[in-house]
Each structure stands twice: as C-alpha cells, then as structure tokens.
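Heads up: the structure comes next, in structure tokens.
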Amino acid sequence: MAKLRVCLCFSVIGLLLSGTAEAQAPISRNDTDRANALLKEMTTEEKIGQLNQPFYLKLPITGMKIDPVAYEDRVRRGEVGSFLFLTDPKEINRLQKIAMTEQRLHIPILFGFDVIHGFDTEFPVPLAMAASWDPAMAEQAQGIAAEEAAHAGLRWSFAPMLDIARDPRWGRISEGAGEDPYLGAAMARAQVRGFQGTPENPRPFMATLKHFAGYGAAEGGRDYDAVYIPEERMQNVYLPPFRAGVEAGADTVMSAYMDLNDVPASGNIHLLRDILRTELGFKGFVVSDAFAVGSLVTQGFARDSTDAALRGATAGVNMDMGSATYLERMKSLLDQGQLTLTQLDDLVRPILVAKYRLGLFENPYADATEQTHAEMLAKHRQIARVAATRSVVLLRNEGDLLPLAKTTKRIAVIGPLGNSKGDMNGPWSLTAKAEDAVSVFEGIRAKLPGSQVAYAGGVQIAKAFPSSFDGLIGPKIQTPWTPEEADRQMKSALQLAGKSDVVIMALGELTIMDFEYSSRSSLSLPGKQQELLEKIQALGKPIVLLLFSTRPLDLSWASEHIPAIMDCYFGGTETGNAVADLLVGDAVPGGKLPVTWPRAVGQIPIYYAHTTSHKPYDSPEFTSRYWDAPTSPLYPFGYGLSYSTFSISDLRLSTKTAPLDGSITATVTVANTGARAADEVVQIYLHQRFGSASRPVRELKGFRRVTLQPGQKQEISFTVGPAERTYWSAAKNGWVAESSNFDVWVGNSSTATLHESFSVVQ
Ligand code: BGC
C-alpha cells in the first residue's frame with residue numbers, strides 16, 4: 001500500500017485541518033510595543049501583580065483566600081492583574097477607579113467571569129447549543145452574552161469549554177459540545193467569534209478555551225480525576241476544538257486541573273509549551289483553573305508552594321487564578337535566580353497586550369446601572385426563545401402524539417421540574433435571576449389560555465451532598481418531605497393525571513447535578529421519578545416526557561412505554577415558552593444528539609466513532625457484546641426526530657478516484673416530504689478502510705442545518721479533501737493523509753445508510 005506522510009509544519013496542518021477556519025486575529029504590533037514600553041516602567045512586584053487573579057467572592061468555599069477588606073489595598077499596590085467573580089458594575093467601577101487613579105502606573109484591572117451561556121439572559125446550556133447543530137446561533141448567543149457582561153464591566157469570559165466528553169457520568173458534560181471533535185471544533189469557532197468578534201470586526205471582550213486539555217476524559221467520570229490520553233487520541237479527538245479555537249483568535253486558554261498522563265495540566269510543560277504554544281501556535285495568555293497552581297502541591301507534584309510557582313511559571317501559566325501562589329512566592333524565585341526577569345516579562349507581556357487590545361486603558365469602566373438587567377432581558381428574550389426551541393431534541397413521537405392540538409382541554413403538568421424556574425436557567429447561570437426564567441407550567445399556561453392547565457410535583461429530587469453552590473446554581477434544594485407528605489404528593493399527582501386529557505411530565509435532574517464536582521454513578525432518573533412515571537403511565541393517558549438534564553439518562557423503560565419524549569436540556573430563561581412552542585407545533589424540533597445515548601451505565605464509554613474489532617458488531621459470533629444488553633446505544637449520535645419527514649437521497653460523488661492532494665464533492669438531495677416547514681440536519685460521515693492505523697468506523701466530516709417548506713428540495717454538497725482525510729497516526733508519529741479506499745455516508749444521524757465509496761491514489 002502506498003502511503004504519503006504529509007510533512008507539513010504544525011501551523012500549516014492546523015489550517016489544513018480546520019478547513020473553514022478564519023485566520024487567527026493578529027496581535028497588533030502597536031499593542032505589543034505599548035506592552036513592552038510599559039514593562040520597562042514596571043517594578044518586579046508590579047509585574048508579579050499582573051499575574052495575580054484573586055477571587056472576589058463571598059462564598060464559604062474551603063481553601064479560598066477571600067479578604068474583601070484587603071481588595072482595595074491590593075489594587076492600590078498593583079497586586080491585582082484581574083479579578084474573577086465580581087459582577088456588580090458599581091463595585092467594578094469603584095475598584096477600577098482606584099487602579100486608574102491611585103495605583104502608580106494606572107494599569108486597569110481585567111474583570112473576568114464564567115459567562116458560560118448567558119449573563120442577564122440565559123441561553124441553552126452549551127451541550128444544548130451543540131444539539132442545535134447551529135454554530136451561527138451559538139455565535140449569536142455568545143455575542144449577546146458578551147454584550148450583556150461587558151455592560152456590567154466584564155471583559156472576559158471563562159468560556160467556551162471545549163472538553164470532549166464521552167462519559168455522561170461526568171456532570172460537566174453539560175458545558176461542552178459533546179463527544180465529537182468535528183462538531184466540537186465548529187462550536188468552538190462559533191463561540192470564540194461570538195465572544196470576541198472577528199478580526200475585521202473585533203469586540204472588546206475575551207474568550208477562554210478551557211480546560212486545556214483532556215479534562216473530559218476523567219477516569220470513572222469522576223470530576224478532577226486523572227486522565228490518560230495517548231498522543232493519537234489527544235491529537236485526533238481532544239485537541240481539534242482547541243486548535244479551532246486558537247485559529248479563531250481566542251485570547252486566552254485555561255489550563256486544566258487534572259493529571260494528564262500523570263503530570264498535572266497546570267504544570268505540564270509538554271502540554272502548555274510543546275502542544276499549545278509550538279504546535280497550536282497560541283499567542284495569548286494562559287490562566288490556570290481556580291487554585292490549580294497552588295494545587296500542584298496537593299497533587300503530589302510540587303514540593304511546596306514556591307516550587308508550585310516555579311513549575312506553573314515554567315510550564316507557561318501566565319495568570320494564577322485564585323491561589324495567590326505567584327504573588328506570594330515568585331519574588332523569592334527571582335531573587336534566587338530560579339526564574340529570570342526575561343521569563344517574568346514573557347509571562348506578563350501577553351496580559352498587558354490583552355488589556356491594550358481590549359482598549360481597557362482608554363475605556364476601563366462599566367457603563368451599566370442596575371436597571372439595565374431588565375433592559376437587556378427585554379432586548380434578548382426573543383432570541384433566547386428561538387435558541388431554546390432549536391436546541392431541543394425530539395427522541396420519540398409514537399402515533400404522532402406531538403404536536404398537541406391547541407384545543408386540548410385539560411393538561412396536567414407533572415414532575416419536580418414542571419414548575420421550576422431556577423433550574424431552567426441551567427448550571428453556571430450565576431448572574432441570571434430565577435424569577436426571570438419561565439417554567440414549563442408557566443409557558444404552557446401562557447400558550448394555551450383557553451385550556452385548563454394544572455400542576456403537581458408528585459415527587460422530589462433528593463439532595464445528594466452539601467454544596468456551597470446550593471441556591472446559586474439552581475434553586476435551593478428542598479428538605480425531604482415526610483413519608484406522609486410524599487404519599488400525599490404522589491396521590492395528588494396521580495389524581496390530576498387521571499382527570500386530564502394529556503400529561504406533560506417534566507422529569508430529570510436538578511441543575512446542580514449537571515455542574516462541577518457533580519458526577520453520578522447511575523444514569524437513572526434520580527429519586528422516585530421513575531416510579532412516578534410508571535404509575536402515571538399505568539393510568540393509560542397520553543404522556544409527553546420532557547427531560548431536563550444535560551447528561552443522557554437511562555430511558556430504556558420510557559423509550560418503550562412513553563409515546564413522546566423530548567430532550568430539553570436546560571434551555572435558559574425562555575425554556576418554558578420554548579417548550580410550549582414545540583408542544584403545540586408553533587416551533588418544530590430540529591435538534592440532534594451531540595452525544596451517544598447509552599441504554600445503561602454499563603455501556604460507558606460509548607461513542608459512535610469507535611474503531612472496529614476483529615469481528616464487527618454484525619458478525620454472528622465472537623463479537624464484542626454484552627450478555628445482558630445490546631452493544632448498540634439507545635439513541636445514536638446525530639439522531640433527532642421532527643414533526644415533518646425528510647428524504648435524503650441521490651448521493652453523488654464528483655469523482656470515484658482522487659489524488660492525495662485532491663478533493664471529492666459529495667452531493668445529496670434533501671426534501672421535506674411532510675406537511676410542515678421544518679429543519680433537517682444533513683450529516684456526512686467518512687471511513688478510511690485501511691492505512692497506517694485503524695480508523696473509526698465513521699467520523700463526522702460536515703453538517704448543514706436547513707429549513708425546508710413542505711415539498712421543498714435542496715441540494716447539499718460537502719467537500720471531502722485532504723483536511724477531512726488527515727489524521728494523527730501513531731505508527732507514523734505524525735499527521736498523515738493516505739492513499740486508501742473510503743466510505744461515505746450521508747443522512748440525518750450517525751447511522752445513516754445512504755452510502756458511496758471512493759479511492760485516493762498517489
Ligand atoms: C472551574 C472553571 C471555572 C473556574 C472559575 C473552576 O472550578 O473548573 O471552569 O472557570 O472555576 O469559576
């Protein structure tokens with residue numbers, strides 16, 4: 001077999017792989033010159049101060065050094081490069097004024113915050129955004145989030161999270177784009193553009209690519225646990241979204257907490273220098289995850305905090321989030337010659353460059369007053385509603401139960417999440433207000449004023465463990481009902497269901513269960529929700545199950561017994577209205593799963609882009625199989641139904657044979673064969689049959705979400721060129737595009753059957 005090793009330098013490979021990526025925003029000479037000039041004026045202490053990012057937070061979180069009284073003095077002395085978690089514009093302006101007038105060199109403070117999926121207006125959580133398969137919408141949403149946050153004086157979001165996640169036990173699966181590097185890269189690019197604007201039209205706001213890198217592969221799905229990722233998987237699966245984010249011009253990267261191949265990410269020279277700076281060509285600055293520099297000691301890596309400062313700095317962590325280790329220890333490292341002034345300047349320079357790029361020196365203050373929250377919300381609610389409808393995935397719709405007739409008389413909304421407002425905002429919505437969010441019950445009532453809509457909780461979702469974020473991430477978790485109360489609540493839910501024409505069940509997880517340090521060992525519906533569902537199903541009423549959770553839950557029973565199921569994630573402020581739009585057909589579901597949905601927790605990890613074994617799954621014997629469950633998932637990656645029907649047909653390749661540096665074009669015709677205007681997501685998957693390494697059975701290489709009127713047809717073309725065929729080969733220890741035979745499938749999920757093949761020859 002003839003193979004060609006593509007010998008290109010890494011940055012060229014980056015452009016090749018990204019295909020459509022825009023060129024990285026050039027760092028302006030002017031900003032660098034200004035930063036260099038300022039560096040000449042600064043004392044060593046002032047330089048170290050720029051590397052320090054204290055929390056401004058009054059939460060009782062163990063280990064945090066919070067001292068609000070000392071904030072002012074620290075600012076005055078130039079010991080604060082950035083604050084995180086302060087979101088009150090008045091306090092931002094007060095501290096900024098001290099920096100701009102009382103601090104020796106008047107260097108503005110950079111205020112950063114976790115603006116993950118909204119600020120005043122919450123948009124769907126990032127995994128839901130990915131389920132929309134609509135990067136343009138994600139870009140728009142993050143643009144709005146940046147606008148709202150900037151209004152309050154923030155200039156920096158710790159998003160997007162780009163961690164590929166193939167384990168739904170991990171609570172932070174909610175923050176990323178799911179399991180696939182191609183979809184992840186598309187969402188990465190879009191979010192960076194949303195936050196920062198484009199090179200032609202930059203926005204004075206910064207994105208953070210996090211958590212660099214591999215954080216989503218924690219063993220057992222346990223947050224913070226070690227990850228072991230071989231080079232080929234790192235390059236082919238975990239890095240593509242980061243590569244795309246760097247190419248889109250992201251100003252900052254956050255180094256992760258966990259051990260990557262036994263070396264903590266925030267002290268990992270190979271990761272932060274060889275990969276991030278040299279291979280990916282990142283030119284901005286690295287901020288550690290919270291306390292991660294200090295944690296190098298806890299993780300059994302650094303001898304003490306002085307050593308931690310040295311290891312973080314040497315690895316290239318520019319800013320120390322939270323731990324104050326640089327502030328307290330770096331001077332002694334310089335005095336002892338363990339760190340040079342040139343190294344210090346190299347750490348500080350990109351932070352100053354970023355401040356110049358943002359225009360902070362000229363425009364340091366927030367212009368917001370407290371009233372603007374309502375104004376922002378009024379301006380952006382409608383877009384959030386559209387975003388929330390576009391993110392929902394319809395998993396099942398037997399007998400076309402959905403959409404419901406608007407004339408439905410008696411509607412029961414049942415379940416612990418049916419009238420929750422705060423949970424609908426989703427995790428990491430710390431500045432959104434619960435009262436602004438629309439619950440499912442409210443949304444349906446507003447949509448159908450002529451119907452009798454009633455609500456009963458039925459059961460509670462139990463408190464799992466204490467958390468400082470209880471009440472901040474979602475509503476405060478209720479104390480458990482007494483057995484008598486639990487019995488009464490269950491009975492009244494059953495009674496309500498019994499006298500209704502249709503039951504809308506709102507089940508799932510509390511927002512706080514889809515958060516940091518919130519892993520689960522089971523994927524069952526928590527608490528007694530399954531029991532409630534089965535009891536209500538036994539009444540024989542038509543049931544629509546609305547699932548609120550980001551991780552896929554064990555729906556094996558529901559997927560056989562409940563006729564209509566919609567995966568709603570957490571849709572943000574407008575969740576209830578969006579769900580109501582979808583229930584009655586004022587909007588049509590068009591989202592697709594960004595993660596493979598397992599049947600049971602024992603199947604994890606499960607993802608569509610696996611390699612094949614010596615016996616493919618459809619072999620009669622000696623296959624990789626379970627005794628007690630099929631190997632296949634409950635719902636495949638890329639899957640989602642509509643109220644309309646579509647045909648995708650007539651797959652044509654521009655050529656059946658292409659040269660190594662050539663491309664083929666795959667074209668299909670997609671037609672709306674149903675009676676409603678609706679969206680379909682057309683997806684193309686590729687498989688390389690042989691080469692220097694075994695390749696996944698399928699890999700997503702393109703997608704397009706289109707809206708078609710009833711009867712309307714559209715031709716869609718995808719290019720499969722060297723970029724789509726290039727991968728990191730362990731055997732070659734580098735990037736290769738090889739001559740081989742390839743399969744192509746185009747359809748509306750990862751199980752698409754419309755197939756063609758072509759060859760690439762040297
Ligand atoms: C999280 C980061 C977050 C930071 C600041 C950390 O615990 O891992 O994602 O940006 O806190 O809130």
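By order of appearance in the structure tokens: chains A, B, ..., then residues from 1 within every chain, and ligands from 1 in the order shown.
For Leu341 in chain A, the set of protein, DNA and RNA residues having any atom at most 12 Å away, when counting only C-alpha atoms and skipping those fewer than 5 positions along the same chain, is Leu39, Lys40, Met42, Thr43, Thr44, Glu45, Lys47, Ile48, Ala313, Met330, Lys331, Leu333, Leu334, Asp335, Gln336, Asp346, Leu347, Val348 and Arg349 of chain A.
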- Query: range 144-150 of chain A: which residues within 10 Å, counting only C-alpha atoms, same-chain residues fewer than 4 positions away excluded, as a PyMOL selection string?
  - Reply: chain A and resi 87+89+111-123+138-140+154-157+194-197+203-207+365-368+372-373+375-377+379-380+383-384+431
- When the cut-off is 9 Å and you count only C-alpha atoms and all ligand atoms, which residues lie near ligand 1, shown as a ChimeraX atom specification? /A:55,84-85,112-116,157-159,161,175,208,210-211,224,254,256-257,288-292,321-322,428,516-517
- Shell of 10 Å around Asp487 in chain A, only C-alpha atoms, local chain residues under 6 positions omitted, as a list of chain:residue names: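 Contacts, with the query itself left out: A:Gly458, A:Val459, A:Trp481.
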Next, dump the selected residues to file, keeping only C-alpha atoms, as a PDB file, in the first residue's frame.
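Okay, this is what ended up in selection_10.pdb:
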ATOM      1  CA  GLY A 458     -45.570  14.308  42.580  1.00  0.00           C
ATOM      2  CA  VAL A 459     -42.086  13.577  43.890  1.00  0.00           C
ATOM      3  CA  TRP A 481     -40.882  15.551  52.525  1.00  0.00           C
TER       4      TRP A 481
END
- Task: Rank A:Ala493, A:Ala217, A:Leu272, A:Leu472 by their smallest atom-to-atom distance to Lys535 in chain A, using only C-alpha atoms, and report the top residue only.
- Result: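 Ranked by minimum distance to Lys535 in chain A, first place goes to A:Ala493.
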- Item | Spatial neighbours of Ile664 in chain A, 7 Å, only C-alpha atoms, chain gap at least 2 places, as a list in words | Leu653, Ser654, Thr655, Ala658, Gly662, Ala666, Thr719, Val720 and Gly721 of chain A
Output the selection as a tab-separated table (two decimals), in the first residue's frame - all heavy atoms for each residue.
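Dumped to out30.tsv:
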chain	number	residue	atom	x	y	z
A	653	LEU	N	-20.94	11.42	-6.01
A	653	LEU	CA	-19.58	11.89	-5.76
A	653	LEU	C	-19.05	12.50	-7.05
A	653	LEU	O	-19.30	11.98	-8.14
A	653	LEU	CB	-18.67	10.73	-5.35
A	653	LEU	CG	-19.09	9.95	-4.10
A	653	LEU	CD1	-17.99	8.94	-3.72
A	653	LEU	CD2	-19.37	10.87	-2.91
A	654	SER	N	-18.31	13.57	-6.92
A	654	SER	CA	-17.79	14.26	-8.11
A	654	SER	C	-16.80	13.36	-8.85
A	654	SER	O	-16.63	13.46	-10.05
A	654	SER	CB	-17.11	15.56	-7.73
A	654	SER	OG	-16.11	15.31	-6.77
A	655	THR	N	-16.15	12.48	-8.13
A	655	THR	CA	-15.22	11.53	-8.76
A	655	THR	C	-15.11	10.32	-7.84
A	655	THR	O	-15.34	10.43	-6.63
A	655	THR	CB	-13.84	12.17	-8.98
A	655	THR	OG1	-12.94	11.15	-9.41
A	655	THR	CG2	-13.29	12.83	-7.74
A	658	ALA	N	-9.54	10.05	-6.37
A	658	ALA	CA	-8.93	11.38	-6.20
A	658	ALA	C	-7.45	11.21	-5.90
A	658	ALA	O	-7.05	10.23	-5.28
A	658	ALA	CB	-9.62	12.12	-5.05
A	662	GLY	N	-6.05	15.84	-3.63
A	662	GLY	CA	-7.31	16.27	-4.26
A	662	GLY	C	-8.52	16.12	-3.34
A	662	GLY	O	-8.45	15.57	-2.25
A	666	ALA	N	-19.28	15.49	-2.36
A	666	ALA	CA	-20.42	14.58	-2.20
A	666	ALA	C	-21.68	15.44	-2.18
A	666	ALA	O	-21.77	16.39	-1.39
A	666	ALA	CB	-20.29	13.80	-0.91
A	719	THR	N	-17.47	18.93	0.87
A	719	THR	CA	-16.14	18.65	0.29
A	719	THR	C	-15.42	17.67	1.21
A	719	THR	O	-15.38	17.86	2.43
A	719	THR	CB	-15.32	19.95	0.20
A	719	THR	OG1	-16.07	20.85	-0.60
A	719	THR	CG2	-13.97	19.71	-0.43
A	720	VAL	N	-14.87	16.62	0.60
A	720	VAL	CA	-14.00	15.73	1.37
A	720	VAL	C	-12.63	15.83	0.73
A	720	VAL	O	-12.39	15.26	-0.34
A	720	VAL	CB	-14.52	14.27	1.34
A	720	VAL	CG1	-13.62	13.38	2.20
A	720	VAL	CG2	-15.96	14.20	1.82
A	721	GLY	N	-11.79	16.59	1.37
A	721	GLY	CA	-10.45	16.82	0.82
A	721	GLY	C	-9.38	16.34	1.77
A	721	GLY	O	-9.68	15.62	2.74
